[in-house]
file target_37.cif (mmCIF, C-alpha atoms)
data_start
loop_
_atom_site.label_atom_id
_atom_site.label_comp_id
_atom_site.auth_asym_id
_atom_site.auth_seq_id
_atom_site.Cartn_x
_atom_site.Cartn_y
_atom_site.Cartn_z
CA MET A 1 -66.68 59.87 2.92
CA LYS A 2 -67.16 59.80 -0.84
CA TRP A 3 -66.46 63.50 -1.28
CA ARG A 4 -63.19 63.07 0.66
CA LEU A 5 -62.09 60.34 -1.75
CA VAL A 6 -63.04 62.52 -4.70
CA LEU A 7 -61.13 65.44 -3.15
CA CYS A 8 -58.08 63.21 -2.52
CA ALA A 9 -58.18 61.92 -6.10
CA ALA A 10 -58.54 65.47 -7.45
CA LEU A 11 -55.61 66.72 -5.32
CA THR A 12 -53.48 63.73 -6.41
CA LEU A 13 -54.28 64.36 -10.06
CA ALA A 14 -53.48 68.04 -9.62
CA ALA A 15 -50.16 67.08 -8.00
CA CYS A 16 -49.48 64.62 -10.84
CA ASP A 17 -49.87 67.42 -13.32
CA ARG A 18 -47.12 69.35 -11.47
CA LEU A 19 -44.57 66.57 -12.09
CA PRO A 20 -41.91 66.65 -13.31
CA MET A 21 -40.42 69.90 -12.01
CA ASP A 22 -37.11 71.50 -13.03
CA PRO A 23 -34.41 71.54 -10.31
CA ASP A 24 -33.29 74.96 -11.57
CA GLY A 25 -36.74 76.11 -12.67
CA THR A 26 -35.86 76.57 -16.36
CA LEU A 27 -39.42 76.45 -17.74
CA ASP A 28 -40.77 78.81 -15.04
CA ARG A 29 -37.94 81.26 -15.76
CA VAL A 30 -38.51 81.07 -19.53
CA ARG A 31 -42.19 81.86 -19.00
CA ALA A 32 -41.44 84.63 -16.50
CA GLU A 33 -38.70 86.29 -18.61
CA ARG A 34 -40.58 85.58 -21.87
CA ARG A 35 -37.35 84.56 -23.58
CA PHE A 36 -35.22 81.44 -23.94
CA ARG A 37 -31.54 81.34 -24.86
CA VAL A 38 -30.62 79.13 -27.82
CA GLY A 39 -27.20 78.14 -29.19
CA LEU A 40 -27.02 77.03 -32.82
CA ILE A 41 -24.03 74.83 -33.64
CA ALA A 42 -22.30 75.80 -36.89
CA THR A 43 -22.44 72.98 -39.46
CA GLY A 44 -19.42 74.10 -41.56
CA SER A 45 -19.82 73.73 -45.29
CA ALA A 46 -22.45 70.99 -45.14
CA PRO A 47 -25.78 72.07 -46.66
CA VAL A 48 -28.40 72.25 -43.96
CA ASP A 49 -32.11 72.68 -44.20
CA ARG A 50 -32.80 75.18 -41.42
CA ARG A 51 -36.59 75.06 -41.77
CA PRO A 52 -37.17 72.29 -39.15
CA GLU A 53 -35.06 74.29 -36.65
CA ALA A 54 -37.07 77.42 -37.31
CA ALA A 55 -40.35 75.50 -37.03
CA PHE A 56 -39.15 73.94 -33.77
CA LEU A 57 -38.21 77.29 -32.25
CA ALA A 58 -41.52 78.78 -33.37
CA ARG A 59 -43.39 75.95 -31.66
CA ILE A 60 -41.48 76.47 -28.40
CA ALA A 61 -42.15 80.21 -28.59
CA ARG A 62 -45.87 79.51 -29.03
CA ALA A 63 -45.96 76.95 -26.20
CA THR A 64 -44.14 79.17 -23.69
CA GLY A 65 -45.07 82.67 -24.77
CA ALA A 66 -41.33 83.42 -24.93
CA ARG A 67 -39.07 84.48 -27.80
CA PRO A 68 -35.77 82.76 -28.71
CA VAL A 69 -32.51 84.69 -28.19
CA VAL A 70 -30.14 82.97 -30.62
CA LYS A 71 -26.37 82.67 -30.42
CA HIS A 72 -24.19 80.92 -33.05
CA GLY A 73 -20.94 79.09 -32.35
CA ALA A 74 -18.91 75.87 -32.26
CA SER A 75 -20.31 72.91 -30.38
CA GLU A 76 -17.81 72.83 -27.49
CA PRO A 77 -18.30 76.39 -26.13
CA LEU A 78 -22.06 76.23 -26.68
CA LEU A 79 -22.38 72.92 -24.83
CA LEU A 80 -20.20 74.18 -21.98
CA ASP A 81 -22.43 77.25 -21.77
CA LEU A 82 -25.50 74.98 -21.74
CA GLU A 83 -24.03 72.86 -18.95
CA ASP A 84 -23.30 75.99 -16.88
CA GLY A 85 -26.85 77.25 -17.32
CA GLY A 86 -25.90 80.08 -19.69
CA LEU A 87 -28.08 78.58 -22.45
CA ASP A 88 -31.43 76.80 -22.27
CA LEU A 89 -31.14 74.91 -25.53
CA VAL A 90 -28.52 74.00 -28.12
CA ILE A 91 -29.41 72.74 -31.59
CA GLY A 92 -27.03 71.13 -34.03
CA PRO A 93 -25.28 67.98 -35.17
CA LEU A 94 -23.88 65.83 -32.36
CA SER A 95 -22.40 62.42 -32.98
CA SER A 96 -23.74 59.60 -30.82
CA GLU A 97 -20.08 58.78 -30.04
CA SER A 98 -19.41 62.24 -28.60
CA PRO A 99 -18.46 62.27 -24.89
CA TRP A 100 -21.10 65.00 -24.48
CA VAL A 101 -23.82 62.35 -24.89
CA GLN A 102 -23.42 61.47 -21.18
CA ARG A 103 -23.30 65.08 -20.00
CA VAL A 104 -26.35 66.56 -21.71
CA ALA A 105 -29.85 65.43 -22.66
CA LEU A 106 -30.30 64.63 -26.36
CA LEU A 107 -33.86 65.12 -27.62
CA PRO A 108 -35.65 63.67 -30.68
CA SER A 109 -33.82 64.83 -33.81
CA LEU A 110 -35.26 67.39 -36.23
CA GLY A 111 -33.60 66.07 -39.40
CA ALA A 112 -30.27 65.05 -40.92
CA VAL A 113 -27.30 66.93 -42.39
CA ALA A 114 -26.64 65.72 -45.93
CA GLY A 115 -23.19 64.18 -46.51
CA ALA A 116 -21.20 60.97 -46.60
CA HIS A 117 -22.23 60.09 -43.05
CA GLU A 118 -25.65 60.91 -41.75
CA VAL A 119 -25.44 63.30 -38.81
CA LEU A 120 -28.66 64.22 -37.05
CA ILE A 121 -29.65 67.76 -36.14
CA THR A 122 -30.49 67.33 -32.51
CA PRO A 123 -31.94 69.64 -29.88
CA ILE A 124 -29.86 69.36 -26.72
CA ALA A 125 -30.88 70.40 -23.20
CA ARG A 126 -29.23 70.59 -19.80
CA ASN A 127 -29.48 67.34 -17.86
CA GLY A 128 -32.16 67.09 -15.20
CA GLU A 129 -34.43 69.99 -16.23
CA ASN A 130 -37.14 67.46 -16.82
CA ARG A 131 -40.23 69.66 -17.26
CA TRP A 132 -38.41 71.86 -19.77
CA ILE A 133 -37.03 68.75 -21.51
CA MET A 134 -40.51 67.26 -21.72
CA LEU A 135 -41.84 70.38 -23.42
CA LEU A 136 -38.89 70.41 -25.85
CA GLU A 137 -39.39 66.72 -26.64
CA ARG A 138 -43.08 67.22 -27.37
CA GLU A 139 -42.37 70.10 -29.72
CA ALA A 140 -39.40 68.32 -31.37
CA ARG A 141 -41.54 65.26 -32.13
CA ALA A 142 -44.28 67.47 -33.55
CA ALA A 143 -41.82 69.53 -35.61
CA ALA A 144 -40.08 66.42 -36.99
CA ALA A 145 -43.46 64.95 -37.92
CA GLY A 146 -44.41 68.21 -39.64
CA GLU A 147 -47.49 68.62 -37.44
CA SER A 148 -49.20 71.97 -37.66
CA PRO A 149 -48.93 74.01 -34.45
CA MET B 1 -32.14 11.67 11.28
CA LYS B 2 -30.00 11.85 8.21
CA ASP B 3 -29.06 8.70 6.41
CA GLY B 4 -26.57 8.43 3.59
CA GLY B 5 -27.16 11.82 2.03
CA VAL B 6 -30.95 11.44 1.93
CA VAL B 7 -32.88 14.43 3.20
CA PRO B 8 -34.38 13.82 6.68
CA ALA B 9 -38.14 13.13 6.72
CA GLN B 10 -38.90 16.31 8.73
CA LEU B 11 -37.29 18.46 6.03
CA ARG B 12 -38.95 16.99 2.96
CA GLU B 13 -42.19 18.99 3.09
CA PRO B 14 -40.62 22.38 3.98
CA MET B 15 -37.93 21.75 1.35
CA ARG B 16 -40.58 21.03 -1.27
CA ARG B 17 -42.32 24.31 -0.36
CA ALA B 18 -39.01 26.21 -0.41
CA VAL B 19 -38.14 24.83 -3.85
CA ARG B 20 -41.56 25.84 -5.20
CA LEU B 21 -41.15 29.29 -3.62
CA GLU B 22 -37.74 29.72 -5.27
CA TYR B 23 -39.15 28.85 -8.69
CA TRP B 24 -41.78 31.55 -8.15
CA ASN B 25 -39.00 33.86 -6.96
CA ILE B 26 -36.95 33.28 -10.13
CA GLY B 27 -40.04 33.74 -12.35
CA PHE B 28 -41.04 37.02 -10.69
CA THR B 29 -37.46 38.30 -10.67
CA ILE B 30 -37.12 37.67 -14.42
CA SER B 31 -40.41 39.50 -15.03
CA ILE B 32 -39.21 42.42 -12.85
CA ILE B 33 -35.91 42.55 -14.77
CA ALA B 34 -37.88 42.69 -18.04
CA VAL B 35 -40.32 45.39 -16.85
CA MET B 36 -37.55 47.52 -15.34
CA GLY B 37 -35.47 47.08 -18.50
CA LEU B 38 -38.27 48.58 -20.57
CA VAL B 39 -38.38 51.85 -18.59
CA LEU B 40 -34.71 52.28 -17.56
CA GLY B 41 -34.23 55.53 -19.46
CA ASN B 42 -31.16 57.51 -18.38
CA SER B 43 -31.80 57.12 -14.67
CA GLN B 44 -28.69 55.74 -12.98
CA THR B 45 -30.76 54.72 -9.98
CA MET B 46 -33.05 52.65 -12.19
CA LYS B 47 -30.01 51.04 -13.83
CA THR B 48 -28.56 50.16 -10.42
CA ALA B 49 -31.91 48.75 -9.28
CA TRP B 50 -31.97 46.67 -12.47
CA VAL B 51 -28.45 45.29 -11.83
CA GLU B 52 -29.49 44.49 -8.26
CA ASP B 53 -32.57 42.64 -9.41
CA THR B 54 -30.33 40.63 -11.75
CA LEU B 55 -27.95 39.80 -8.89
CA GLY B 56 -31.03 38.82 -6.88
CA LEU B 57 -31.32 35.76 -9.13
CA ILE B 58 -28.12 34.29 -7.66
CA PRO B 59 -29.38 33.12 -4.20
CA PRO B 60 -32.49 31.27 -5.48
CA ILE B 61 -30.47 29.60 -8.25
CA VAL B 62 -27.70 28.45 -5.90
CA PHE B 63 -30.36 27.29 -3.41
CA LEU B 64 -31.95 25.08 -6.06
CA VAL B 65 -28.54 23.71 -7.10
CA ALA B 66 -27.59 22.98 -3.48
CA VAL B 67 -30.91 21.22 -2.77
CA HIS B 68 -30.50 19.17 -5.96
CA PHE B 69 -27.11 17.92 -4.76
CA GLU B 70 -28.22 17.52 -1.15
CA LYS B 71 -30.82 14.98 -2.24
CA LYS B 72 -28.10 12.82 -3.79
CA GLY B 73 -26.38 10.24 -1.68
CA PRO B 74 -22.60 9.77 -1.48
CA THR B 75 -20.86 8.62 -4.64
CA ASP B 76 -17.49 6.97 -5.27
CA ASN B 77 -15.88 10.33 -5.93
CA TYR B 78 -17.81 12.13 -3.18
CA PRO B 79 -17.95 9.58 -0.36
CA PHE B 80 -19.14 12.18 2.21
CA GLY B 81 -22.09 13.24 0.05
CA PHE B 82 -22.86 16.76 -1.07
CA ASP B 83 -23.97 18.45 2.14
CA ARG B 84 -21.13 20.93 1.86
CA VAL B 85 -22.42 22.16 -1.51
CA HIS B 86 -24.93 23.97 0.67
CA SER B 87 -22.09 25.79 2.48
CA LEU B 88 -20.59 26.75 -0.88
CA ALA B 89 -24.00 28.00 -2.09
CA PHE B 90 -24.27 30.05 1.08
CA LEU B 91 -20.90 31.70 0.41
CA ILE B 92 -21.98 32.57 -3.15
CA ALA B 93 -25.30 34.01 -1.93
CA ALA B 94 -23.47 36.00 0.78
CA VAL B 95 -21.05 37.47 -1.79
CA ALA B 96 -24.03 38.43 -4.00
CA LEU B 97 -25.81 40.16 -1.09
CA ALA B 98 -22.68 42.05 -0.01
CA GLY B 99 -22.05 42.95 -3.68
CA VAL B 100 -25.55 44.42 -4.03
CA GLY B 101 -25.00 46.59 -0.94
CA ALA B 102 -21.56 47.75 -2.11
CA LEU B 103 -22.87 48.53 -5.62
CA LEU B 104 -25.77 50.54 -4.21
CA LEU B 105 -23.49 52.52 -1.87
CA TRP B 106 -20.94 53.22 -4.63
CA ASP B 107 -23.64 54.36 -7.05
CA SER B 108 -25.35 56.65 -4.54
CA VAL B 109 -22.17 58.23 -3.20
CA SER B 110 -20.71 58.79 -6.68
CA THR B 111 -24.01 60.30 -7.90
CA LEU B 112 -24.10 62.64 -4.90
CA ALA B 113 -20.42 63.57 -5.29
CA ALA B 114 -20.79 64.28 -9.02
CA ARG B 115 -24.07 66.20 -8.36
CA GLU B 116 -25.60 64.27 -11.26
CA HIS B 117 -28.96 65.65 -12.35
CA ALA B 118 -30.71 62.67 -13.91
CA THR B 119 -32.77 63.29 -17.00
CA VAL B 120 -36.04 61.42 -17.04
CA ALA B 121 -37.51 62.15 -20.43
CA SER B 122 -40.92 61.48 -21.94
CA ILE B 123 -42.21 58.93 -24.42
CA ARG B 124 -45.11 59.09 -26.81
CA LEU B 125 -47.76 56.48 -26.03
CA PHE B 126 -51.11 56.32 -27.84
CA GLY B 127 -50.52 59.78 -29.26
CA ARG B 128 -49.82 61.35 -25.86
CA ASP B 129 -46.50 62.48 -24.36
CA ILE B 130 -46.08 60.73 -21.03
CA TRP B 131 -43.33 61.41 -18.51
CA LEU B 132 -41.22 58.23 -18.26
CA GLY B 133 -41.16 58.76 -14.48
CA TRP B 134 -44.77 57.55 -14.24
CA LEU B 135 -43.86 54.29 -15.96
CA MET B 136 -40.77 54.00 -13.72
CA LEU B 137 -43.01 54.41 -10.66
CA GLY B 138 -45.29 51.64 -11.95
CA ALA B 139 -42.28 49.38 -12.56
CA GLN B 140 -40.86 50.16 -9.12
CA VAL B 141 -44.17 49.35 -7.41
CA TYR B 142 -44.24 46.04 -9.30
CA SER B 143 -40.61 45.38 -8.27
CA ILE B 144 -41.48 45.85 -4.58
CA VAL B 145 -44.44 43.49 -4.12
CA PRO B 146 -43.05 40.03 -5.11
CA PRO B 147 -39.78 40.23 -3.09
CA LEU B 148 -41.69 41.57 -0.07
CA ILE B 149 -44.11 38.62 -0.07
CA ILE B 150 -41.57 35.94 -1.07
CA GLY B 151 -39.03 37.17 1.52
CA LEU B 152 -41.65 36.98 4.30
CA LYS B 153 -42.60 33.43 3.24
CA GLU B 154 -38.94 32.33 3.07
CA MET B 155 -38.01 33.39 6.61
CA PRO B 156 -40.01 30.73 8.58
CA LEU B 157 -38.94 28.01 6.12
CA ALA B 158 -35.29 29.04 6.53
CA ARG B 159 -35.63 28.76 10.33
CA GLU B 160 -37.41 25.40 10.12
CA MET B 161 -34.75 23.96 7.82
CA GLN B 162 -31.79 25.83 9.38
CA ASP B 163 -31.08 27.02 5.85
CA GLU B 164 -28.58 29.86 5.55
CA VAL B 165 -28.97 30.10 1.75
CA LEU B 166 -32.73 30.58 2.04
CA PHE B 167 -32.18 33.02 4.91
CA THR B 168 -29.70 35.01 2.79
CA ASP B 169 -32.18 34.98 -0.09
CA ALA B 170 -34.83 36.38 2.26
CA LYS B 171 -32.33 39.16 3.08
CA MET B 172 -31.71 39.65 -0.64
CA ASN B 173 -35.45 40.00 -1.19
CA LYS B 174 -35.53 42.52 1.65
CA ALA B 175 -32.68 44.39 -0.05
CA ASN B 176 -34.58 44.34 -3.35
CA TRP B 177 -37.88 45.65 -2.01
CA GLN B 178 -36.10 48.31 0.05
CA THR B 179 -34.12 49.38 -3.02
CA GLY B 180 -37.41 49.50 -4.92
CA ALA B 181 -38.89 51.72 -2.20
CA ALA B 182 -35.81 53.98 -2.37
CA GLY B 183 -36.18 54.06 -6.16
CA LEU B 184 -39.83 55.03 -5.75
CA ALA B 185 -38.84 57.90 -3.47
CA GLY B 186 -36.04 58.71 -5.89
CA VAL B 187 -38.26 58.98 -8.97
CA ILE B 188 -40.80 61.10 -7.05
CA GLY B 189 -37.86 63.18 -5.79
CA LEU B 190 -36.59 63.63 -9.35
CA GLY B 191 -40.09 64.67 -10.37
CA LEU B 192 -40.09 67.29 -7.62
CA GLY B 193 -36.71 68.54 -8.78
CA TRP B 194 -34.81 67.03 -5.81
CA TRP B 195 -32.00 65.40 -7.76
CA TRP B 196 -30.29 64.19 -4.55
CA ALA B 197 -33.32 62.42 -3.01
CA ASP B 198 -32.91 58.93 -4.46
CA SER B 199 -29.15 58.75 -3.92
CA LEU B 200 -29.50 59.79 -0.30
CA ALA B 201 -32.27 57.23 0.36
CA ALA B 202 -30.29 54.51 -1.45
CA ALA B 203 -27.11 55.31 0.52
CA PHE B 204 -28.96 54.88 3.84
CA ILE B 205 -30.46 51.56 2.72
CA SER B 206 -27.14 50.27 1.36
CA VAL B 207 -25.56 50.45 4.84
CA GLY B 208 -28.07 47.87 6.18
CA ILE B 209 -27.61 45.63 3.13
CA ILE B 210 -23.80 45.71 3.46
CA ALA B 211 -24.11 44.83 7.17
CA ASP B 212 -26.34 41.84 6.31
CA GLY B 213 -23.97 40.77 3.51
CA TRP B 214 -20.89 41.11 5.73
CA ARG B 215 -22.54 39.07 8.50
CA ALA B 216 -23.53 36.37 5.99
CA LEU B 217 -19.94 36.30 4.65
CA ARG B 218 -18.55 35.81 8.17
CA ILE B 219 -20.98 32.96 8.90
CA ALA B 220 -20.30 31.30 5.52
CA THR B 221 -16.54 31.53 6.11
CA ALA B 222 -16.93 30.05 9.61
CA GLU B 223 -18.94 27.19 8.13
CA LEU B 224 -16.40 26.45 5.39
CA ALA B 225 -13.49 26.71 7.82
CA ASP B 226 -15.11 24.15 10.15
CA GLY B 227 -15.95 26.75 12.78
CA VAL B 228 -18.39 26.09 15.62
CA PRO B 229 -22.02 26.01 14.33
CA ARG B 230 -23.53 29.50 14.24
CA GLU B 231 -27.04 30.65 14.99
CA LEU B 232 -29.12 31.21 11.82
CA GLY B 233 -28.30 34.62 10.37
CA SER B 234 -25.95 35.49 13.23
CA THR B 235 -22.26 35.19 14.03
CA ARG B 236 -23.12 34.04 17.58
CA VAL B 237 -22.55 30.37 18.47
CA ASP B 238 -25.73 28.33 17.97
CA PRO B 239 -27.45 27.76 21.39
CA GLU B 240 -28.47 24.26 20.24
CA ALA B 241 -24.78 23.51 19.60
CA GLU B 242 -23.86 24.80 23.07
CA LEU B 243 -26.47 22.52 24.65
CA LEU B 244 -25.09 19.57 22.66
CA VAL B 245 -21.54 20.30 23.82
CA ALA B 246 -22.76 20.45 27.45
CA LYS B 247 -24.61 17.14 27.06
CA LEU B 248 -21.60 15.39 25.50
CA GLU B 249 -19.25 16.80 28.16
CA ALA B 250 -21.54 15.44 30.85
CA ARG B 251 -21.69 12.04 29.16
CA TYR B 252 -17.94 11.81 28.46
CA PRO B 253 -16.17 13.68 31.30
CA GLY B 254 -12.67 14.81 30.42
CA ALA B 255 -13.20 14.30 26.66
CA GLY B 256 -12.60 17.07 24.14
CA ILE B 257 -15.77 17.95 22.25
CA ARG B 258 -15.63 19.49 18.78
CA LEU B 259 -18.57 20.51 16.65
CA ARG B 260 -18.65 21.70 13.08
CA GLU B 261 -21.39 22.48 10.61
CA THR B 262 -21.77 21.06 7.11
CA GLY B 263 -24.63 22.84 5.44
CA ARG B 264 -27.55 22.55 7.85
CA TYR B 265 -26.12 19.51 9.70
CA ILE B 266 -23.91 19.28 12.79
CA HIS B 267 -21.02 16.84 13.04
CA ALA B 268 -19.74 16.09 16.54
CA GLU B 269 -16.38 14.65 17.52
CA VAL B 270 -15.58 13.26 20.96
CA ARG B 271 -11.83 13.14 21.49
CA GLY B 272 -9.91 11.12 24.04
CA VAL B 273 -12.45 8.33 24.68
CA ASP B 274 -12.90 4.92 23.13
CA PRO B 275 -15.76 4.65 20.62
CA ASP B 276 -19.10 4.16 22.33
CA PRO B 277 -21.19 1.79 20.16
CA ARG B 278 -24.49 2.52 21.94
CA GLN B 279 -25.48 5.64 20.13
CA ASP B 280 -28.88 7.06 19.38
CA LEU B 281 -28.28 10.42 17.75
CA LYS B 282 -31.94 11.34 18.00
CA ALA B 283 -31.96 10.74 21.78
CA LEU B 284 -28.67 12.61 22.11
CA TRP B 285 -30.08 15.81 20.60
CA PRO B 286 -30.65 18.19 23.51
CA GLY B 287 -33.08 20.60 21.84
CA ASP B 288 -36.47 20.31 20.17
CA PRO B 289 -36.87 16.62 19.12
CA GLU B 290 -38.36 17.83 15.81
CA ARG B 291 -34.93 19.26 15.01
CA SER B 292 -32.94 16.19 16.01
CA TRP B 293 -32.06 15.68 12.32
CA ARG B 294 -29.45 18.44 12.77
CA LEU B 295 -27.05 16.03 14.47
CA ALA B 296 -25.83 14.06 11.48
CA GLN B 297 -22.75 12.31 12.87
CA LEU B 298 -20.97 11.48 16.12
CA ALA B 299 -17.34 10.37 15.80
CA PHE B 300 -14.87 9.21 18.43
CA VAL B 301 -11.11 9.68 18.58
CA PRO B 302 -9.56 7.15 20.99
CA PRO B 303 -7.03 8.20 23.68
CA GLY B 304 -3.54 8.73 22.26
CA GLU B 305 -4.87 9.33 18.71
CA GLU B 306 -6.20 12.86 19.18
#
call {"tool": "encode", "arguments": {"input": "target_37.cif", "output": "structure tokens"}}
result
Amino acid sequence: MKWRLVLCAALTLAACDRLPMDPDGTLDRVRAERRFRVGLIATGSAPVDRRPEAAFLARIARATGARPVVKHGASEPLLLDLEDGGLDLVIGPLSSESPWVQRVALLPSLGAVAGAHEVLITPIARNGENRWIMLLEREARAAAAGESP
Amino acid sequence: MKDGGVVPAQLREPMRRAVRLEYWNIGFTISIIAVMGLVLGNSQTMKTAWVEDTLGLIPPIVFLVAVHFEKKGPTDNYPFGFDRVHSLAFLIAAVALAGVGALLLWDSVSTLAAREHATVASIRLFGRDIWLGWLMLGAQVYSIVPPLIIGLKEMPLAREMQDEVLFTDAKMNKANWQTGAAGLAGVIGLGLGWWWADSLAAAFISVGIIADGWRALRIATAELADGVPRELGSTRVDPEAELLVAKLEARYPGAGIRLRETGRYIHAEVRGVDPDPRQDLKALWPGDPERSWRLAQLAFVPPGEE
């Protein structure tokens, strides 16, 4: 009887480790294709320290065994591409008052753009891809805290 | 027997227990609202469950208010007492129950139609990244247990006291624990990548809640519009009322018999006969003598006055 309980507990714990899963399997695809598609939002003339972004992408690459394929552009087309599944991640400034806040998942910020108003450099993921989002959040927190990989 | 707005002796003990139960209900509901509020995240289903739990406070509060007034006797400005406050409380509780069902249905259908993929993120606790879904599951389990137990305890008291507000609150508790169970399935579904699971489960459950709310609204309306007394939790005429009509018809052949319900009490009117001074309402009650308190008044309308 005892070994059955132990087996049940072990199976439950193993199942727990599988959650959450991605509805569209983003993390599995990233690992299988060994690449993830990133959109970097242009910040105009504002001076931006790109080092946290680079550190963040390096951390994701290390955690997934995949390399980033980077695309630059304005926020609107990049976010539309993200929503349609054409990108796995967008990084850049996004105001908390933007209507996109409801349509995409905002992750812990990597730093701020200098200027009159503080705008945070935020990693942004497609809504609902919860396992992928969890990995991005973990790496974003570590990158923002300056933790060594 | 009821006397001048004072609660009948048979009801005092069950009413005391019901009041204590409702205080527990309010306390647990507030704690559930707080716990759920801490782990809401971006999940629309969790937000809806939270709003429902908040609406779940309405029936116990209106029950306590109604009981408070019911214990008062008539006053100069309210010469008939406050029994009808109970009917008003019932209407409010019925609207709350129907509202919960409608809100749940709207939320689930709109989520399904918009194909919303809910993001359930992670939080850092004690240096570890934990999926918020696990905390949501814990909160949902906590939100299921108190309404399940309190609802089961309320049902027999509601029957004993013929209390529609308490009965509706039991239904509200049923709605809350079922919504919690749907939320549980929903969070697990989200974890498995089935974004549609919780909305589908919630939509099925909402149909039952709306039916209960609609039925309660019909009974409350009948009560406020002086309709014939209804069976507890049903739109059918109360069998005890039918027996009373038969007994009065046999005693006063040719008279018109009218019954109406004020809160938990029945008021009878015999039309077309001269007032009969020899009345014992307790002896007149045709059902279980323990429930004879239900007949609160017998009035006569003489011939030519009806």
call {"tool": "closest_residue", "arguments": {"input": "target_37.cif", "among": "B:Val62, B:Leu190, B:Leu38, B:Leu104", "to": "chain A", "atoms": "only C-alpha atoms"}}
result
B:Leu190
call {"tool": "interface_residues", "arguments": {"input": "target_37.cif", "of": "chain B", "to": "chain A", "cutoff": "9 Å", "atoms": "all atoms listed in the file", "output": "NGL selection string"}}
result
:B and (116-124 or 129-131 or 133 or 188 or 190-195)
call {"tool": "residues_around", "arguments": {"input": "target_37.cif", "residues": "B:Val95", "least_positions_apart": "3", "cutoff": "10 Å", "atoms": "only C-alpha atoms", "output": "list in words"}}
result
Ile58, Pro59, Ala89, Phe90, Leu91, Ile92, Ala98, Gly99, Val100, Gly101, Gly213, Trp214, Ala216, Leu217 and Ala220 of chain B
call {"tool": "atom_distance", "arguments": {"input": "target_37.cif", "atom1": "atom CA of B:Pro8", "atom2": "atom CA of B:Trp293"}}
result
6.4 Å
call {"tool": "closest_residue", "arguments": {"input": "target_37.cif", "among": "A:Val38, A:Asp49, A:Leu87, A:Ser98", "to": "A:Arg67", "atoms": "all atoms listed in the file"}}
result
A:Val38
call {"tool": "closest_residue", "arguments": {"input": "target_37.cif", "among": "B:Asn173, B:Gln178, B:Thr75, B:Ser87", "to": "B:Ile149", "atoms": "only C-alpha atoms"}}
result
B:Asn173
call {"tool": "residues_around", "arguments": {"input": "target_37.cif", "residues": "A:Gly92", "least_positions_apart": "5", "cutoff": "8 Å", "atoms": "all atoms listed in the file", "output": "ChimeraX atom specification"}}
result
/A:40-43,75,120-123
call {"tool": "residues_around", "arguments": {"input": "target_37.cif", "residues": "B:Glu22", "least_positions_apart": "5", "cutoff": "9 Å", "atoms": "only C-alpha atoms", "output": "PDB file with C-alpha atoms, keeping the file's coordinate frame"}}
result
ATOM      1  CA  ARG B  17     -42.320  24.310  -0.360  1.00  0.00           C
ATOM      2  CA  GLY B  27     -40.040  33.740 -12.350  1.00  0.00           C
ATOM      3  CA  PRO B  60     -32.490  31.270  -5.480  1.00  0.00           C
ATOM      4  CA  ILE B  61     -30.470  29.600  -8.250  1.00  0.00           C
ATOM      5  CA  PHE B  63     -30.360  27.290  -3.410  1.00  0.00           C
ATOM      6  CA  LEU B  64     -31.950  25.080  -6.060  1.00  0.00           C
ATOM      7  CA  ILE B 150     -41.570  35.940  -1.070  1.00  0.00           C
ATOM      8  CA  GLU B 154     -38.940  32.330   3.070  1.00  0.00           C
ATOM      9  CA  LEU B 166     -32.730  30.580   2.040  1.00  0.00           C
TER      10      LEU B 166
END
call {"tool": "atom_distance", "arguments": {"input": "target_37.cif", "atom1": "atom CA of B:Gly183", "atom2": "atom CA of B:Ala96"}}
result
19.9 Å
call {"tool": "axis_aligned_box", "arguments": {"input": "target_37.cif", "around": "stretch 89-92 of chain B", "padding_each_side": "4 Å", "output": "JSON"}}
result
{"center_x": -22.6, "center_y": 30.3, "center_z": -1.0, "size_x": 11.4, "size_y": 12.6, "size_z": 12.2}
call {"tool": "atom_distance", "arguments": {"input": "target_37.cif", "atom1": "atom CA of B:Val67", "atom2": "atom CA of B:Glu13"}}
result
12.9 Å
call {"tool": "closest_residue", "arguments": {"input": "target_37.cif", "among": "A:Leu94, A:Leu89, A:Val101, A:Ala112", "to": "A:Thr26", "atoms": "only C-alpha atoms"}}
result
A:Leu89
call {"tool": "resolve_selection", "arguments": {"input": "target_37.cif", "expression": "the PyMOL selection byres ((chain B and resi 269) around 10)", "output": "ChimeraX atom specification"}}
result
/B:245,248,255-260,267-268,270-272,297-301
call {"tool": "resolve_selection", "arguments": {"input": "target_37.cif", "expression": "the PyMOL selection byres ((chain B and resi 84) around 10)", "output": "PyMOL selection string"}}
result
chain B and resi 66+69-70+80-83+85-90+223-224+261-265
call {"tool": "residues_near_point", "arguments": {"input": "target_37.cif", "point": "(-27.6, 8.0, 21.3)", "cutoff": "12 Å", "atoms": "only C-alpha atoms", "output": "PyMOL selection string"}}
result
chain B and resi 1+244+247-248+251+276-286+292+295-299
call {"tool": "closest_residue", "arguments": {"input": "target_37.cif", "among": "B:Gly56, B:Pro289, B:Pro239, B:Gly233", "to": "B:Asp163", "atoms": "all atoms listed in the file"}}
result
B:Gly233
call {"tool": "decode", "arguments": {"input": "target_37.cif", "residues": "stretch 126-136 of chain A", "atoms": "C-alpha atoms", "output": "short mmCIF file (atom, residue, chain, number, x, y, z; two decimals), in the first residue's frame"}}
result
data_model
loop_
_atom_site.label_atom_id
_atom_site.label_comp_id
_atom_site.auth_asym_id
_atom_site.auth_seq_id
_atom_site.Cartn_x
_atom_site.Cartn_y
_atom_site.Cartn_z
CA ARG A 126 2.18 36.46 -26.46
CA ASN A 127 -0.72 35.94 -24.06
CA GLY A 128 -1.32 32.44 -22.75
CA GLU A 129 2.05 30.82 -23.56
CA ASN A 130 2.52 30.30 -19.87
CA ARG A 131 5.54 27.97 -19.75
CA TRP A 132 7.48 30.20 -22.14
CA ILE A 133 6.36 33.28 -20.17
CA MET A 134 7.50 31.69 -16.92
CA LEU A 135 10.97 31.07 -18.34
CA LEU A 136 11.15 34.64 -19.67
#
